[in-house]
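Q: The structure that follows is given in the form of structure tokens.
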Amino acid sequence: MGGGAALADRLAEQWHRAGVTHVRRAANLTELATLVDAATGPVIVSGTDLVAHTAVLRHLATSPVGPTVALVLTDPPAPGQAVVREERGQVVDAGPDGRLDGGQTGVFGGALRVGRDDLPALAAAARAAVAGTPIAGTDPAAVAATPPAAGPEAAGSAVDRLFTGLTALGTLTFAHRVRLLVAHRVADPAGLAAAEAAVAAVDEDRAELRLSVKEKDDFFTTFFVSTWSPYVTKVSAKLGLTPTGVTAISVLFAAVAAVLFGVGGRPALVTGAVLLYLGFMLDCVDGQLARYTRHFSAWGGWLDTMADRAKEYLVYAGLGYGATAAGFRYGWALAVAAMTLQTVRHMTDTWYGVLHDEAARRPKAVGGGGGGIGDRLNAASTRVQADTGSLSYWLKRTVVFPIGERWALIALTVALFGPLVSLVAVLTWGVLAFAYTGALRTLRARWMWVPVLDTVDATLHRDDGPIAARFPALRPMGPLTLAVLGALGPAALLVAAGLRVRAGDEAGGLAWATPVALLVLLVAALGAGAAHNGPLDWLVPAALRAGEYLFAIAAGVVGGAPAWVVFGYVFVLTLHHYDLTARLEKRQAAPPLHGATLGWEGRSAVLAVAAFAGFAGIAMATLGAYLLVVFVGSVVLAWVVLPARARRGVGVPAGGEVRQPG
């Protein structure tokens, strides 16, 4: 390929500086396939015609978006180079220029990182490219057994044919775009000189610091945090702080703010609001620091997700206590409602994201619902998202009530008015945002018609326990209908109990109704064994969360449990469920002790018996403590014990390998 031996040698040295441990030159794709067969860790494949900042190579090598990532450029394609079409950051098609009928969104940058699990597909694609055989829909094992064709390889760049073949095998590949830095593929001395001049004109470290800020963030974060947080990121890097350390400081700030909100008084509330803002700034800095220093880990991603929710709900606890201490009877009730609402919202956010990713990976299935309003909404959303910086763009990003806007609203309202107004404001905006996103997503999901829960362990993400596993499957009604019907029983019990309390009566008189509400809730278990392949079945986990939380709150009210105990129990449940969704987002296995959590129906049955017997408070506190111990045990096992055993049992390479087909 173009560039000559000197460029290849320089690129090899750059890969070394980018952190790759072993760099080897493959004479052809046959040799590359042999090298890949022997690889035990991630492999980076690079052509020899790439001129780029070393930071571009380092970013590709350390990209956290997925195990297999390809460099994608905006340059016009040269002869022999592959063009790509991507959706939501995923490469969904690739091929020679012209094959995508103008649907390409970029050109392959001549380098890709391939995860360990995708190495068989990489070797198969290399052998298929040598043999000149079409591989769309072909089993990698069958291609691997195909003998090479005699004679020279097909025309075109070897690395491009390799990448096209890997995409045709259905390998999930994410696109890595280049911003602020420079990367070009060169074919002649003039192109090489121009690319080198462009690289030299950019301050690499300054660009990396700017790149540490998310490209598309929310309005408040973009204009009131990210304008100055990179300076804190730079200082943090010089001080040697880790992203995990910054996350811990952020949690501390939020915890102190929560205490001050509970204490009350204007000085405490204003100070708490300032600490909350600074804590959110640090919450942005931990991610920026990870991107700036390229210190990514599965543990760090999981911890960031869990810490964000724990901080927010600690703040709700402080607001609930503060509102109650100020004389409002239902302060804790508002805090529990805010936590429940946000958790159910986040469950729908997670699963809708998975739905979109599945739709992107299977573009032919999109439109299966017949178009209509969903088709128009999808097109309108795409146009708005592409119009970066416009009024409609910022309105769309703000109306959904993202975390930056939530923290800003809390800080502003609590400082000016107090905890009660803050909780009411959060609930009001949250309900409106939930209604808006829920309606639009439902319409768009019906248009996409993607059976998202068919691609994951539905039992795990439903959080079913041993009781649900023994229920027969009521298939005709569908799991979503059953989950919604099941949630109606707890909702009715909670409304009845609330009305009795408001009227000054004892809610304990409804103890007889608790088993009835449980039986209605268990209707949702009839969907456990049914196929979750409806266009709206991505809502099933959120519906089950809503049903369980409503039942727990109702059982606590009927059983006379202290409000703070109810809050604490639901808080522990949210940790358990966020653990499941965080693992889903990071493509990780189930928590090691997941089987010990009893399932949503098992936990509800325990609370039903306790509420009926009159000791709901003790049972809720005990069960919550048990679940917290199980959660902590799973964390220790998953992130400390099991990785240590794996390291003792298997030697894992410290970095990837670079293969350069000639």
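By order in the structure tokens, chains are A, B, ...; within a chain, residues start at 1; ligands start at 1, following the order shown.
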Might you pull out every residue within 9 Å of region 221-225 of chain A, with only C-alpha atoms counted and same-chain residues fewer than 5 positions away left off, and present them as a CSV table (one decimal) with all heavy atoms, in the first residue's frame?
A:
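Saved file result.csv follows:
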chain,number,residue,atom,x,y,z
A,213,VAL,N,-14.1,16.5,26.7
A,213,VAL,CA,-15.5,16.9,26.9
A,213,VAL,C,-16.4,16.2,25.9
A,213,VAL,O,-16.0,16.1,24.7
A,213,VAL,CB,-15.6,18.5,26.7
A,213,VAL,CG1,-17.1,18.9,26.9
A,213,VAL,CG2,-14.7,19.2,27.7
A,214,LYS,N,-17.5,15.7,26.4
A,214,LYS,CA,-18.4,15.0,25.4
A,214,LYS,C,-18.8,15.9,24.3
A,214,LYS,O,-19.0,17.1,24.4
A,214,LYS,CB,-19.7,14.7,26.2
A,214,LYS,CG,-19.6,13.5,27.1
A,214,LYS,CD,-20.9,13.1,27.7
A,214,LYS,CE,-20.8,12.0,28.7
A,214,LYS,NZ,-22.1,11.6,29.3
A,216,LYS,N,-21.6,15.9,22.4
A,216,LYS,CA,-23.0,16.3,22.5
A,216,LYS,C,-23.4,16.1,24.0
A,216,LYS,O,-23.6,14.9,24.4
A,216,LYS,CB,-23.9,15.6,21.5
A,216,LYS,CG,-23.6,15.9,20.1
A,216,LYS,CD,-24.6,15.2,19.2
A,216,LYS,CE,-24.3,15.6,17.7
A,216,LYS,NZ,-25.3,14.9,16.8
A,277,TYR,N,-23.7,21.7,43.0
A,277,TYR,CA,-23.2,22.1,41.7
A,277,TYR,C,-21.8,21.6,41.5
A,277,TYR,O,-21.4,21.1,40.4
A,277,TYR,CB,-23.3,23.6,41.6
A,277,TYR,CG,-22.6,24.2,40.4
A,277,TYR,CD1,-23.1,24.0,39.1
A,277,TYR,CD2,-21.4,24.9,40.5
A,277,TYR,CE1,-22.4,24.5,38.0
A,277,TYR,CE2,-20.8,25.4,39.4
A,277,TYR,CZ,-21.2,25.2,38.2
A,277,TYR,OH,-20.6,25.7,37.1
A,280,PHE,N,-21.7,18.0,40.9
A,280,PHE,CA,-22.0,17.6,39.5
A,280,PHE,C,-20.9,18.0,38.5
A,280,PHE,O,-20.6,17.2,37.6
A,280,PHE,CB,-23.3,18.4,39.1
A,280,PHE,CG,-23.7,18.1,37.6
A,280,PHE,CD1,-24.1,16.8,37.3
A,280,PHE,CD2,-23.6,19.1,36.7
A,280,PHE,CE1,-24.4,16.6,35.9
A,280,PHE,CE2,-23.9,18.8,35.3
A,280,PHE,CZ,-24.3,17.6,35.0
A,281,MET,N,-20.2,19.1,38.8
A,281,MET,CA,-19.0,19.4,38.0
A,281,MET,C,-18.0,18.3,38.1
A,281,MET,O,-17.4,17.9,37.0
A,281,MET,CB,-18.4,20.8,38.4
A,281,MET,CG,-17.2,21.2,37.7
A,281,MET,SD,-15.6,20.5,38.3
A,281,MET,CE,-15.6,21.2,40.0
A,284,CYS,N,-18.8,15.4,36.0
A,284,CYS,CA,-18.3,15.5,34.6
A,284,CYS,C,-16.8,15.3,34.5
A,284,CYS,O,-16.4,14.7,33.5
A,284,CYS,CB,-18.7,16.9,34.1
A,284,CYS,SG,-20.5,17.2,34.1
A,404,GLY,N,-28.1,16.8,34.2
A,404,GLY,CA,-27.6,18.2,34.4
A,404,GLY,C,-28.7,19.1,34.8
A,404,GLY,O,-28.6,19.9,35.7
A,405,GLU,N,-29.8,19.1,34.1
A,405,GLU,CA,-31.0,19.9,34.4
A,405,GLU,C,-31.6,19.6,35.7
A,405,GLU,O,-32.1,20.4,36.4
A,405,GLU,CB,-32.0,19.8,33.2
A,405,GLU,CG,-31.8,20.7,32.0
A,405,GLU,CD,-30.5,20.4,31.3
A,405,GLU,OE1,-29.9,19.3,31.5
A,405,GLU,OE2,-30.0,21.3,30.5
Q: Can you write out as CSV which residues of region 240-268 of chain A fall within 12 Å of region 322-331 of chain A, alongside each residue's closest atom pair and its distance in Å to one decimal, counting only C-alpha atoms and ordering rows by chain and ascending residue number?
A:
residue,atom,partner,partner_atom,distance
A:Ala257,CA,A:Gly322,CA,11.6
A:Ala258,CA,A:Gly322,CA,9.1
A:Val259,CA,A:Gly322,CA,8.9
A:Leu260,CA,A:Gly322,CA,8.6
A:Phe261,CA,A:Gly322,CA,5.8
A:Gly262,CA,A:Gly322,CA,3.9
A:Val263,CA,A:Gly322,CA,6.3
A:Gly264,CA,A:Gly322,CA,6.0
A:Gly265,CA,A:Gly322,CA,9.6
A:Arg266,CA,A:Gly322,CA,11.9
A:Ala268,CA,A:Gly322,CA,11.0
Q: Using only N, CA and C atoms, please write the residues we just selected to a file, as a compact mmCIF listing (two decimals), in the first residue's frame.
A:
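Contents of selection_27.txt, freshly written:
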# COMPACT_ATOMS: atom_id res chain seq x y z
N ALA A 257 -24.05 17.79 50.74
CA ALA A 257 -25.18 18.62 50.31
C ALA A 257 -26.49 18.06 50.82
N ALA A 258 -26.65 16.74 50.77
CA ALA A 258 -27.87 16.11 51.26
C ALA A 258 -28.06 16.36 52.75
N VAL A 259 -26.97 16.27 53.51
CA VAL A 259 -27.05 16.54 54.96
C VAL A 259 -27.48 17.99 55.20
N LEU A 260 -26.90 18.91 54.45
CA LEU A 260 -27.25 20.32 54.63
C LEU A 260 -28.71 20.59 54.25
N PHE A 261 -29.21 19.90 53.23
CA PHE A 261 -30.62 20.07 52.88
C PHE A 261 -31.52 19.56 54.00
N GLY A 262 -31.07 18.52 54.69
CA GLY A 262 -31.83 18.01 55.82
C GLY A 262 -31.77 18.93 57.02
N VAL A 263 -30.63 19.59 57.22
CA VAL A 263 -30.45 20.50 58.36
C VAL A 263 -31.38 21.70 58.23
N GLY A 264 -31.49 22.24 57.02
CA GLY A 264 -32.37 23.38 56.79
C GLY A 264 -31.73 24.69 57.20
N GLY A 265 -32.45 25.78 56.98
CA GLY A 265 -31.89 27.12 57.22
C GLY A 265 -31.25 27.63 55.95
N ARG A 266 -31.43 28.92 55.68
CA ARG A 266 -30.97 29.47 54.41
C ARG A 266 -29.47 29.29 54.18
N ALA A 268 -27.45 26.93 55.22
CA ALA A 268 -27.19 25.52 54.92
C ALA A 268 -27.71 25.14 53.54
Q: When you draw a straight line from CA of Phe174 (chain A) to CA of Gln90 (chain A), how long is it in Å?
A: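 One can read the CA of Phe174 (chain A) to CA of Gln90 (chain A) distance as 4.3 Å.
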Q: Would you list the contacts of region 501-510 of chain A as a PyMOL selection string, taking every protein, DNA or RNA residue within 7 Å and counting only C-alpha atoms, but skipping same-chain residues closer than 6 positions in sequence?
A: chain A and resi 557-560
Q: Tell me, as a tab-separated table (two decimals) with C-alpha atoms, in the first residue's frame, which residues lie within 8 Å of Pro466 (chain A), counting only C-alpha atoms; anything in the same chain fewer than 5 positions away does not count.
A:
chain	number	residue	atom	x	y	z
A	598	LEU	CA	-35.25	-13.75	45.60
A	599	GLY	CA	-36.67	-12.03	42.51
A	602	GLY	CA	-40.20	-13.36	46.12
Q: From the set A:Gly165, A:Gly617, A:Gly110, A:Gly534, which residue has the shortest atom-to-atom contact distance to Ala131 (chain A), counting only C-alpha atoms?
A: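 With only C-alpha atoms as the atom set, the closest residue is A:Gly165.
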Q: Give me, as a PyMOL selection string, the residues of region 285-502 of chain A that a backbone DSSP run labels alpha helix (DSSP H).
A: chain A and resi 285-293+298-325+331-361+373-386+391-399+403-416+419-448+458-462+466-469+479-502
Q: List every residue of region 458-577 of chain A that has an atom at most 12 Å from any atom of region 430-449 of chain A, giving for each one its closest atom pair and the distance in Å to one decimal, counting only C-alpha atoms, sorted by chain and then by ascending residue number, as a tab-separated table.
A:
residue	atom	partner	partner_atom	distance
A:Asn533	CA	A:Trp449	CA	8.9
A:Gly534	CA	A:Trp449	CA	7.4
A:Pro535	CA	A:Trp449	CA	4.6
A:Leu536	CA	A:Ala445	CA	6.5
A:Asp537	CA	A:Ala445	CA	9.6
A:Trp538	CA	A:Ala445	CA	8.9
A:Leu539	CA	A:Thr442	CA	9.2
A:Ala542	CA	A:Gly438	CA	11.5
Q: Need the shell around Arg113 (chain A): protein/DNA/RNA residues with any atom at most 7 Å away, counting only C-alpha atoms. Skip same-chain ones fewer than 5 positions apart. Format as an mmCIF file with N, CA and C atoms, in the first residue's frame?
A:
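So the final result, stored in out31.cif, reads:
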data_model
loop_
_atom_site.group_PDB
_atom_site.id
_atom_site.type_symbol
_atom_site.label_atom_id
_atom_site.label_comp_id
_atom_site.auth_asym_id
_atom_site.auth_seq_id
_atom_site.Cartn_x
_atom_site.Cartn_y
_atom_site.Cartn_z
ATOM 1 N N PRO A 42 -6.995 -8.676 22.368
ATOM 2 C CA PRO A 42 -7.443 -7.792 21.288
ATOM 3 C C PRO A 42 -6.345 -7.560 20.258
ATOM 4 N N VAL A 43 -6.725 -7.428 19.022
ATOM 5 C CA VAL A 43 -5.786 -7.230 17.920
ATOM 6 C C VAL A 43 -6.142 -5.936 17.201
ATOM 7 N N ILE A 44 -5.133 -5.152 16.891
ATOM 8 C CA ILE A 44 -5.315 -3.941 16.084
ATOM 9 C C ILE A 44 -4.732 -4.201 14.707
ATOM 10 N N VAL A 45 -5.526 -3.982 13.690
ATOM 11 C CA VAL A 45 -5.087 -4.152 12.312
ATOM 12 C C VAL A 45 -4.996 -2.771 11.681
ATOM 13 N N LEU A 60 -8.125 5.043 19.458
ATOM 14 C CA LEU A 60 -8.701 3.844 18.860
ATOM 15 C C LEU A 60 -8.362 2.611 19.692
ATOM 16 N N ALA A 61 -7.109 2.539 20.136
ATOM 17 C CA ALA A 61 -6.672 1.363 20.899
ATOM 18 C C ALA A 61 -7.367 1.256 22.246
ATOM 19 N N THR A 68 -14.867 -4.139 19.413
ATOM 20 C CA THR A 68 -14.380 -3.990 18.047
ATOM 21 C C THR A 68 -14.751 -2.604 17.532
ATOM 22 N N VAL A 69 -13.723 -1.836 17.156
ATOM 23 C CA VAL A 69 -13.911 -0.430 16.797
ATOM 24 C C VAL A 69 -13.096 -0.140 15.543
ATOM 25 N N ALA A 70 -13.686 0.601 14.608
ATOM 26 C CA ALA A 70 -13.010 0.955 13.363
ATOM 27 C C ALA A 70 -12.839 2.460 13.268
#
Q: Neighbouring residues of Gly19 (chain A) were defined as those with any atom within 8 Å, considering only C-alpha atoms; residues of the same chain fewer than 2 positions away were excluded. Please report them as a PyMOL selection string.
A: chain A and resi 15-17+21+58+61+655
Q: Please list as a list in words every residue within 8 Å of Gly556 (chain A), counting only C-alpha atoms and excluding residues in the same chain fewer than 2 positions away.
A: Ala552, Ile553, Ala554, Val558, Gly559, Gly560, Ala561, Pro562, Ala563, Val566, Ala611, Ala616, Gly617 and Met620 of chain A
Q: Nearest to Glu548 (chain A): which of A:Pro451, A:Thr340, A:Glu358, A:Pro476 is it, counting only C-alpha atoms?
A: A:Thr340
